[in-house]
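What follows is the content of entry_33.cif (mmCIF, C-alpha atoms).
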data_protein
#
loop_
_atom_site.group_PDB
_atom_site.id
_atom_site.type_symbol
_atom_site.label_atom_id
_atom_site.label_comp_id
_atom_site.auth_asym_id
_atom_site.auth_seq_id
_atom_site.Cartn_x
_atom_site.Cartn_y
_atom_site.Cartn_z
ATOM 1 C CA MET A 1 -19.497 -12.569 2.880
ATOM 2 C CA ARG A 2 -15.867 -11.469 2.569
ATOM 3 C CA HIS A 3 -15.558 -10.160 6.079
ATOM 4 C CA LEU A 4 -18.602 -11.665 7.725
ATOM 5 C CA ALA A 5 -16.833 -14.096 10.070
ATOM 6 C CA ALA A 6 -14.372 -11.537 11.416
ATOM 7 C CA ALA A 7 -17.034 -8.874 11.737
ATOM 8 C CA THR A 8 -19.329 -11.366 13.464
ATOM 9 C CA LEU A 9 -16.631 -12.151 16.010
ATOM 10 C CA ILE A 10 -15.976 -8.472 16.624
ATOM 11 C CA LEU A 11 -19.653 -7.669 16.837
ATOM 12 C CA ALA A 12 -20.377 -10.600 19.149
ATOM 13 C CA GLY A 13 -17.577 -9.555 21.472
ATOM 14 C CA LEU A 14 -18.660 -5.944 21.482
ATOM 15 C CA ALA A 15 -22.425 -6.316 21.474
ATOM 16 C CA TYR A 16 -22.742 -6.479 25.235
ATOM 17 C CA THR A 17 -20.895 -3.187 25.763
ATOM 18 C CA ALA A 18 -23.619 -0.935 24.364
ATOM 19 C CA PRO A 19 -27.297 -1.151 23.507
ATOM 20 C CA ALA A 20 -27.676 -2.118 19.850
ATOM 21 C CA ALA A 21 -30.152 0.683 19.155
ATOM 22 C CA GLN A 22 -27.932 3.458 20.491
ATOM 23 C CA PRO A 23 -26.706 5.478 17.494
ATOM 24 C CA LEU A 24 -23.381 7.226 17.140
ATOM 25 C CA ALA A 25 -23.216 10.809 18.302
ATOM 26 C CA PRO A 26 -23.752 13.130 15.298
ATOM 27 C CA SER A 27 -20.160 14.406 15.548
ATOM 28 C CA ASP A 28 -18.809 10.824 15.596
ATOM 29 C CA GLU A 29 -20.934 9.863 12.608
ATOM 30 C CA GLU A 30 -19.752 12.934 10.708
ATOM 31 C CA ASP A 31 -16.097 12.214 11.550
ATOM 32 C CA LEU A 32 -16.464 8.554 10.603
ATOM 33 C CA ARG A 33 -18.181 9.376 7.295
ATOM 34 C CA LYS A 34 -15.363 11.813 6.473
ATOM 35 C CA THR A 35 -12.709 9.215 7.379
ATOM 36 C CA ALA A 36 -14.406 6.478 5.324
ATOM 37 C CA LEU A 37 -14.723 8.764 2.291
ATOM 38 C CA GLU A 38 -11.066 9.807 2.619
ATOM 39 C CA LEU A 39 -10.102 6.128 2.715
ATOM 40 C CA LYS A 40 -12.275 5.455 -0.338
ATOM 41 C CA ASP A 41 -10.596 8.330 -2.205
ATOM 42 C CA ALA A 42 -7.140 7.097 -1.180
ATOM 43 C CA ILE A 43 -7.987 3.710 -2.695
ATOM 44 C CA VAL A 44 -9.315 5.212 -5.937
ATOM 45 C CA HIS A 45 -6.141 7.315 -6.270
ATOM 46 C CA GLU A 46 -3.831 4.467 -5.172
ATOM 47 C CA ASP A 47 -2.568 6.681 -2.350
ATOM 48 C CA VAL A 48 -0.797 4.155 -0.122
ATOM 49 C CA GLN A 49 0.145 6.760 2.496
ATOM 50 C CA GLY A 50 -3.439 7.994 2.591
ATOM 51 C CA ILE A 51 -4.615 4.452 3.265
ATOM 52 C CA LEU A 52 -2.010 3.882 5.970
ATOM 53 C CA ARG A 53 -3.058 7.091 7.756
ATOM 54 C CA ARG A 54 -6.488 5.526 8.303
ATOM 55 C CA VAL A 55 -5.430 1.996 9.351
ATOM 56 C CA SER A 56 -5.185 1.161 13.038
ATOM 57 C CA ARG A 57 -1.580 1.329 14.190
ATOM 58 C CA SER A 58 -2.314 -0.515 17.416
ATOM 59 C CA LYS A 59 -4.597 -3.245 16.060
ATOM 60 C CA GLY A 60 -3.507 -3.552 12.427
ATOM 61 C CA LEU A 61 -6.150 -5.294 10.333
ATOM 62 C CA ILE A 62 -8.225 -8.394 10.928
ATOM 63 C CA CYS A 63 -8.658 -11.012 8.208
ATOM 64 C CA THR A 64 -10.941 -13.881 9.262
ATOM 65 C CA ASP A 65 -9.424 -14.929 12.597
ATOM 66 C CA SER A 66 -5.964 -13.471 11.978
ATOM 67 C CA ARG A 67 -4.672 -10.106 13.091
ATOM 68 C CA ILE A 68 -2.220 -8.593 10.608
ATOM 69 C CA SER A 69 0.113 -6.020 12.147
ATOM 70 C CA TYR A 70 0.268 -2.446 10.894
ATOM 71 C CA GLN A 71 3.883 -3.092 9.845
ATOM 72 C CA GLN A 72 2.811 -6.062 7.692
ATOM 73 C CA VAL A 73 -0.036 -4.044 6.185
ATOM 74 C CA GLN A 74 2.498 -1.354 5.321
ATOM 75 C CA LYS A 75 4.786 -3.920 3.629
ATOM 76 C CA ASP A 76 1.883 -5.453 1.720
ATOM 77 C CA LEU A 77 0.697 -2.076 0.444
ATOM 78 C CA HIS A 78 4.131 -1.541 -1.102
ATOM 79 C CA ASN A 79 4.260 -5.036 -2.641
ATOM 80 C CA LYS A 80 2.370 -5.205 -5.952
ATOM 81 C CA ASN A 81 2.271 -9.014 -5.664
ATOM 82 C CA SER A 82 0.556 -9.082 -2.263
ATOM 83 C CA HIS A 83 -3.072 -10.064 -1.843
ATOM 84 C CA LEU A 84 -3.747 -6.706 -0.174
ATOM 85 C CA TYR A 85 -2.288 -4.645 -3.005
ATOM 86 C CA MET A 86 -4.096 -6.584 -5.732
ATOM 87 C CA SER A 87 -7.413 -6.635 -3.856
ATOM 88 C CA LEU A 88 -7.249 -2.872 -3.457
ATOM 89 C CA PHE A 89 -5.917 -1.765 -6.845
ATOM 90 C CA ASP A 90 -5.571 -4.511 -9.481
ATOM 91 C CA SER A 91 -8.790 -6.321 -10.446
ATOM 92 C CA ALA A 92 -7.241 -8.316 -13.297
ATOM 93 C CA ARG A 93 -4.437 -9.821 -11.216
ATOM 94 C CA PHE A 94 -6.664 -10.278 -8.156
ATOM 95 C CA ALA A 95 -9.248 -12.154 -10.240
ATOM 96 C CA LYS A 96 -6.543 -14.302 -11.850
ATOM 97 C CA ARG A 97 -5.056 -15.269 -8.476
ATOM 98 C CA CYS A 98 -8.223 -15.497 -6.376
ATOM 99 C CA GLY A 99 -11.218 -15.531 -8.708
ATOM 100 C CA GLY A 100 -11.902 -19.229 -8.168
ATOM 101 C CA GLN A 101 -12.719 -18.541 -4.519
ATOM 102 C CA TYR A 102 -15.526 -16.111 -5.350
ATOM 103 C CA PRO A 103 -19.018 -17.015 -6.590
ATOM 104 C CA PRO A 104 -19.897 -16.049 -10.170
ATOM 105 C CA ALA A 105 -22.585 -13.671 -8.867
ATOM 106 C CA TYR A 106 -19.924 -11.699 -6.962
ATOM 107 C CA PRO A 107 -16.616 -11.963 -8.844
ATOM 108 C CA ALA A 108 -13.270 -10.968 -7.361
ATOM 109 C CA ILE A 109 -12.770 -7.281 -8.148
ATOM 110 C CA SER A 110 -10.522 -4.675 -6.599
ATOM 111 C CA GLU A 111 -11.765 -2.091 -4.153
ATOM 112 C CA LYS A 112 -10.710 0.555 -6.678
ATOM 113 C CA GLU A 113 -13.012 -0.918 -9.332
ATOM 114 C CA PHE A 114 -15.847 -1.204 -6.812
ATOM 115 C CA PHE A 115 -15.468 2.399 -5.657
ATOM 116 C CA THR A 116 -15.497 3.844 -9.148
ATOM 117 C CA ALA A 117 -19.166 2.718 -9.260
ATOM 118 C CA VAL A 118 -20.213 3.778 -5.731
ATOM 119 C CA GLN A 119 -21.870 7.073 -4.909
ATOM 120 C CA ASN A 120 -21.285 8.762 -1.542
ATOM 121 C CA ASP A 121 -24.965 8.551 -0.657
ATOM 122 C CA MET A 122 -24.786 4.754 -0.654
ATOM 123 C CA ILE A 123 -23.120 4.571 2.759
ATOM 124 C CA GLU A 124 -24.589 3.096 5.918
ATOM 125 C CA ILE A 125 -23.002 3.743 9.308
ATOM 126 C CA ALA A 126 -23.880 1.883 12.486
ATOM 127 C CA ARG A 127 -22.432 1.742 15.958
ATOM 128 C CA VAL A 128 -21.396 -1.800 16.904
ATOM 129 C CA GLY A 129 -20.005 -1.143 20.377
ATOM 130 C CA LYS A 130 -18.419 1.516 22.509
ATOM 131 C CA GLY A 131 -15.858 3.209 20.275
ATOM 132 C CA TRP A 132 -16.600 0.800 17.386
ATOM 133 C CA ALA A 133 -18.655 1.319 14.222
ATOM 134 C CA GLN A 134 -19.278 -0.296 10.874
ATOM 135 C CA VAL A 135 -19.415 1.473 7.524
ATOM 136 C CA VAL A 136 -21.059 -0.291 4.585
ATOM 137 C CA PHE A 137 -20.659 0.930 1.006
ATOM 138 C CA LYS A 138 -23.216 -0.335 -1.491
ATOM 139 C CA SER A 139 -23.135 -0.239 -5.252
ATOM 140 C CA LYS A 140 -26.048 -0.360 -7.660
ATOM 141 C CA THR A 141 -23.848 -2.302 -10.070
ATOM 142 C CA GLU A 142 -24.850 -5.953 -10.378
ATOM 143 C CA GLY A 143 -22.132 -8.260 -9.100
ATOM 144 C CA HIS A 144 -20.694 -5.749 -6.633
ATOM 145 C CA TYR A 145 -20.873 -7.185 -3.145
ATOM 146 C CA PRO A 146 -21.124 -4.453 -0.442
ATOM 147 C CA ARG A 147 -17.876 -3.388 1.210
ATOM 148 C CA GLU A 148 -18.041 -3.597 5.004
ATOM 149 C CA TRP A 149 -15.437 -1.844 7.096
ATOM 150 C CA VAL A 150 -15.118 -1.850 10.867
ATOM 151 C CA PHE A 151 -13.536 1.170 12.548
ATOM 152 C CA HIS A 152 -12.619 1.943 16.137
ATOM 153 C CA LYS A 153 -11.607 5.100 17.940
ATOM 154 C CA GLU A 154 -7.844 5.291 18.440
ATOM 155 C CA GLY A 155 -6.345 8.450 19.856
ATOM 156 C CA GLY A 156 -9.599 10.305 19.177
ATOM 157 C CA GLN A 157 -9.575 9.326 15.470
ATOM 158 C CA TRP A 158 -11.515 6.635 13.610
ATOM 159 C CA ARG A 159 -9.138 3.915 12.362
ATOM 160 C CA LEU A 160 -9.873 0.943 10.123
ATOM 161 C CA SER A 161 -9.568 -2.439 11.862
ATOM 162 C CA ASP A 162 -11.324 -4.795 9.444
ATOM 163 C CA GLY A 163 -12.529 -4.793 5.864
ATOM 164 C CA PHE A 164 -9.588 -5.440 3.544
ATOM 165 C CA ILE A 165 -8.293 -8.690 2.041
ATOM 166 C CA VAL A 166 -4.937 -9.306 3.717
ATOM 167 C CA SER A 167 -2.555 -12.280 3.355
ATOM 168 C CA ARG A 168 -5.015 -14.540 1.473
ATOM 169 C CA CYS A 169 -7.714 -14.464 -1.193
ATOM 170 C CA THR A 170 -10.706 -13.987 1.098
ATOM 171 C CA CYS A 171 -11.536 -12.833 4.606
ATOM 172 C CA GLY A 172 -14.687 -13.818 6.367
#

Can you present the structure in this file as structure tokens?
Amino acid sequence: MRHLAAATLILAGLAYTAPAAQPLAPSDEEDLRKTALELKDAIVHEDVQGILRRVSRSKGLICTDSRISYQQVQKDLHNKNSHLYMSLFDSARFAKRCGGQYPPAYPAISEKEFFTAVQNDMIEIARVGKGWAQVVFKSKTEGHYPREWVFHKEGGQWRLSDGFIVSRCTCG
């Protein structure tokens, strides 16, 4: 829901590059799982530098049909009034600012609040194209919509390209 449109565009553009059924190499899946869990931990601990280390420097982040530069992501992570900062760390302020744009079944909550309820074994990883993969975190908590992140290989490392709320209340 939150990132569906952007992910759909990415997936549609990448789908022809690799057979859909072809899984990631075990080493790639292991590296991606480690990267995703490090990013999750950085969010839970409000470690801005830890988050930035895992965001794509070349592509920045995608929100709906907009590409937000790495430099803007960096600014937003240091601005407690930005949509990105609140959506990652501050459920109360994020809900106050953006709650009206979310359905009652899936209220606006921060990634930090979501991840305090998620267990590591509730992760799905799927290849979506050559050098691209999606990680989905699921929670057993009612009202927690799954978090979907899209990563790509950049300089031999998995980097986040899509999955955060940037510059507005919703993406997708």

Subject >> Shell around segment 41-56 of chain A at 10 Å using only C-alpha atoms, local window under 6 positions removed, as a PyMOL selection string >> reply: chain A and resi 35+69-71+73-74+77-78+85+88-89+110-116+151-154+157-162

I'd like the contact shell of Leu84 of chain A - 8 Å cut-off, only C-alpha atoms, skipping same-chain residues fewer than 6 positions apart - returned as a PDB file with C-alpha atoms, in the coordinates of the input.
ATOM      1  CA  VAL A  73      -0.036  -4.044   6.185  1.00  0.00           C
ATOM      2  CA  ASP A  76       1.883  -5.453   1.720  1.00  0.00           C
ATOM      3  CA  LEU A  77       0.697  -2.076   0.444  1.00  0.00           C
ATOM      4  CA  PHE A 164      -9.588  -5.440   3.544  1.00  0.00           C
ATOM      5  CA  ILE A 165      -8.293  -8.690   2.041  1.00  0.00           C
ATOM      6  CA  VAL A 166      -4.937  -9.306   3.717  1.00  0.00           C
ATOM      7  CA  SER A 167      -2.555 -12.280   3.355  1.00  0.00           C
TER       8      SER A 167
END

Original post:
Applied to the shown file, which residues does the PyMOL selection byres ((chain A and resi 141) around 12) return, written as a ChimeraX atom specification?
Top reply: /A:105-106,113-119,122,137-140,142-146

**OP:** Would you mind reading off the distance between atom CA of Met86 of chain A and atom CA of Ala126 of chain A, one decimal, in Å?
**Re:**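 Taking atom CA of Met86 of chain A and atom CA of Ala126 of chain A, their separation equals 28.2 Å.
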
Original post:
A:Ile123, A:Leu61, A:His83, A:Cys169: which is nearest Arg33 of chain A, counting all atoms listed in the file?
Top reply: A:Ile123

**OP:** Go ahead and compute the interatomic distance for atom CA of Gln134 of chain A and atom CA of Glu148 of chain A, in Å to one decimal.
**Re:**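 Going from atom CA of Gln134 of chain A over to atom CA of Glu148 of chain A covers 6.8 Å.
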
Original post:
Any idea what the distance is between atom CA of Arg127 of chain A and atom CA of Ser27 of chain A?
Top reply: 12.9 Å

Subject >> Residue contacts of segment 95-103 of chain A (8 Å, all atoms listed in the file) excluding same-chain residues fewer than 4 positions away, as a PyMOL selection string >> reply: chain A and resi 91+107-109+169-170

**OP:** May I ask which of the residues A:Gly163, A:Trp149, A:Cys63, A:Pro104 is the closest one to Ile125 of chain A, counting only C-alpha atoms?
**Re:**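 Nearest candidate to Ile125 of chain A out of A:Gly163, A:Trp149, A:Cys63, A:Pro104: A:Trp149.
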
**OP:** For each of A:Lys80, A:Arg147, A:Lys130, A:Lys40, take the minimum atom-to-atom distance to Asp28 of chain A, counting only C-alpha atoms, then give the residue where this is smallest.
**Re:**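 Looking at the shortest contact to Asp28 of chain A, the residue is A:Lys130.
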
Padding 3 Å on every side, please: axis-aligned box over the listed atoms of segment 75-79 of chain A, centre and edge lengths to one decimal in Å, as JSON.
{"center_x": 2.7, "center_y": -3.5, "center_z": 0.5, "size_x": 10.1, "size_y": 9.9, "size_z": 12.3}

Could you complete segment 56-78 of chain A so that it carries N, CA and C atoms, and give it back as a PDB file, in the coordinates of the input?
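And here is the file that came out, result_19.pdb:
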ATOM      1  N   SER A  56      -5.548   1.203  11.627  1.00  0.00           N
ATOM      2  CA  SER A  56      -5.185   1.161  13.038  1.00  0.00           C
ATOM      3  C   SER A  56      -3.719   0.783  13.219  1.00  0.00           C
ATOM      4  N   ARG A  57      -2.983   1.641  13.887  1.00  0.00           N
ATOM      5  CA  ARG A  57      -1.580   1.329  14.190  1.00  0.00           C
ATOM      6  C   ARG A  57      -1.483   0.314  15.315  1.00  0.00           C
ATOM      7  N   SER A  58      -2.391   0.382  16.263  1.00  0.00           N
ATOM      8  CA  SER A  58      -2.314  -0.515  17.416  1.00  0.00           C
ATOM      9  C   SER A  58      -2.898  -1.893  17.133  1.00  0.00           C
ATOM     10  N   LYS A  59      -3.923  -1.975  16.306  1.00  0.00           N
ATOM     11  CA  LYS A  59      -4.597  -3.245  16.060  1.00  0.00           C
ATOM     12  C   LYS A  59      -4.283  -3.843  14.693  1.00  0.00           C
ATOM     13  N   GLY A  60      -3.723  -3.049  13.777  1.00  0.00           N
ATOM     14  CA  GLY A  60      -3.507  -3.552  12.427  1.00  0.00           C
ATOM     15  C   GLY A  60      -4.848  -3.832  11.779  1.00  0.00           C
ATOM     16  N   LEU A  61      -4.911  -4.901  10.995  1.00  0.00           N
ATOM     17  CA  LEU A  61      -6.150  -5.294  10.333  1.00  0.00           C
ATOM     18  C   LEU A  61      -6.479  -6.740  10.649  1.00  0.00           C
ATOM     19  N   ILE A  62      -7.756  -7.035  10.697  1.00  0.00           N
ATOM     20  CA  ILE A  62      -8.225  -8.394  10.928  1.00  0.00           C
ATOM     21  C   ILE A  62      -8.616  -8.994   9.583  1.00  0.00           C
ATOM     22  N   CYS A  63      -8.232 -10.247   9.377  1.00  0.00           N
ATOM     23  CA  CYS A  63      -8.658 -11.012   8.208  1.00  0.00           C
ATOM     24  C   CYS A  63      -9.065 -12.382   8.738  1.00  0.00           C
ATOM     25  N   THR A  64     -10.352 -12.673   8.679  1.00  0.00           N
ATOM     26  CA  THR A  64     -10.941 -13.881   9.262  1.00  0.00           C
ATOM     27  C   THR A  64     -10.583 -13.908  10.735  1.00  0.00           C
ATOM     28  N   ASP A  65      -9.779 -14.865  11.175  1.00  0.00           N
ATOM     29  CA  ASP A  65      -9.424 -14.929  12.597  1.00  0.00           C
ATOM     30  C   ASP A  65      -7.985 -14.512  12.842  1.00  0.00           C
ATOM     31  N   SER A  66      -7.359 -13.897  11.854  1.00  0.00           N
ATOM     32  CA  SER A  66      -5.964 -13.471  11.978  1.00  0.00           C
ATOM     33  C   SER A  66      -5.862 -11.957  12.101  1.00  0.00           C
ATOM     34  N   ARG A  67      -4.965 -11.529  12.963  1.00  0.00           N
ATOM     35  CA  ARG A  67      -4.672 -10.106  13.091  1.00  0.00           C
ATOM     36  C   ARG A  67      -3.350  -9.854  12.362  1.00  0.00           C
ATOM     37  N   ILE A  68      -3.391  -8.940  11.406  1.00  0.00           N
ATOM     38  CA  ILE A  68      -2.220  -8.593  10.608  1.00  0.00           C
ATOM     39  C   ILE A  68      -1.703  -7.253  11.130  1.00  0.00           C
ATOM     40  N   SER A  69      -0.451  -7.225  11.536  1.00  0.00           N
ATOM     41  CA  SER A  69       0.113  -6.020  12.147  1.00  0.00           C
ATOM     42  C   SER A  69       0.147  -4.855  11.161  1.00  0.00           C
ATOM     43  N   TYR A  70       0.168  -3.652  11.708  1.00  0.00           N
ATOM     44  CA  TYR A  70       0.268  -2.446  10.894  1.00  0.00           C
ATOM     45  C   TYR A  70       1.526  -2.517  10.021  1.00  0.00           C
ATOM     46  N   GLN A  71       2.628  -3.002  10.587  1.00  0.00           N
ATOM     47  CA  GLN A  71       3.883  -3.092   9.845  1.00  0.00           C
ATOM     48  C   GLN A  71       3.738  -4.029   8.640  1.00  0.00           C
ATOM     49  N   GLN A  72       3.016  -5.143   8.815  1.00  0.00           N
ATOM     50  CA  GLN A  72       2.811  -6.062   7.692  1.00  0.00           C
ATOM     51  C   GLN A  72       1.876  -5.441   6.662  1.00  0.00           C
ATOM     52  N   VAL A  73       0.857  -4.743   7.107  1.00  0.00           N
ATOM     53  CA  VAL A  73      -0.036  -4.044   6.185  1.00  0.00           C
ATOM     54  C   VAL A  73       0.768  -3.052   5.351  1.00  0.00           C
ATOM     55  N   GLN A  74       1.653  -2.327   6.003  1.00  0.00           N
ATOM     56  CA  GLN A  74       2.498  -1.354   5.321  1.00  0.00           C
ATOM     57  C   GLN A  74       3.357  -2.044   4.252  1.00  0.00           C
ATOM     58  N   LYS A  75       3.983  -3.165   4.602  1.00  0.00           N
ATOM     59  CA  LYS A  75       4.786  -3.920   3.629  1.00  0.00           C
ATOM     60  C   LYS A  75       3.939  -4.374   2.457  1.00  0.00           C
ATOM     61  N   ASP A  76       2.758  -4.930   2.768  1.00  0.00           N
ATOM     62  CA  ASP A  76       1.883  -5.453   1.720  1.00  0.00           C
ATOM     63  C   ASP A  76       1.398  -4.362   0.775  1.00  0.00           C
ATOM     64  N   LEU A  77       1.156  -3.172   1.297  1.00  0.00           N
ATOM     65  CA  LEU A  77       0.697  -2.076   0.444  1.00  0.00           C
ATOM     66  C   LEU A  77       1.779  -1.617  -0.539  1.00  0.00           C
ATOM     67  N   HIS A  78       3.027  -1.902  -0.215  1.00  0.00           N
ATOM     68  CA  HIS A  78       4.131  -1.541  -1.102  1.00  0.00           C
ATOM     69  C   HIS A  78       4.571  -2.708  -1.991  1.00  0.00           C
TER      70      HIS A  78
END
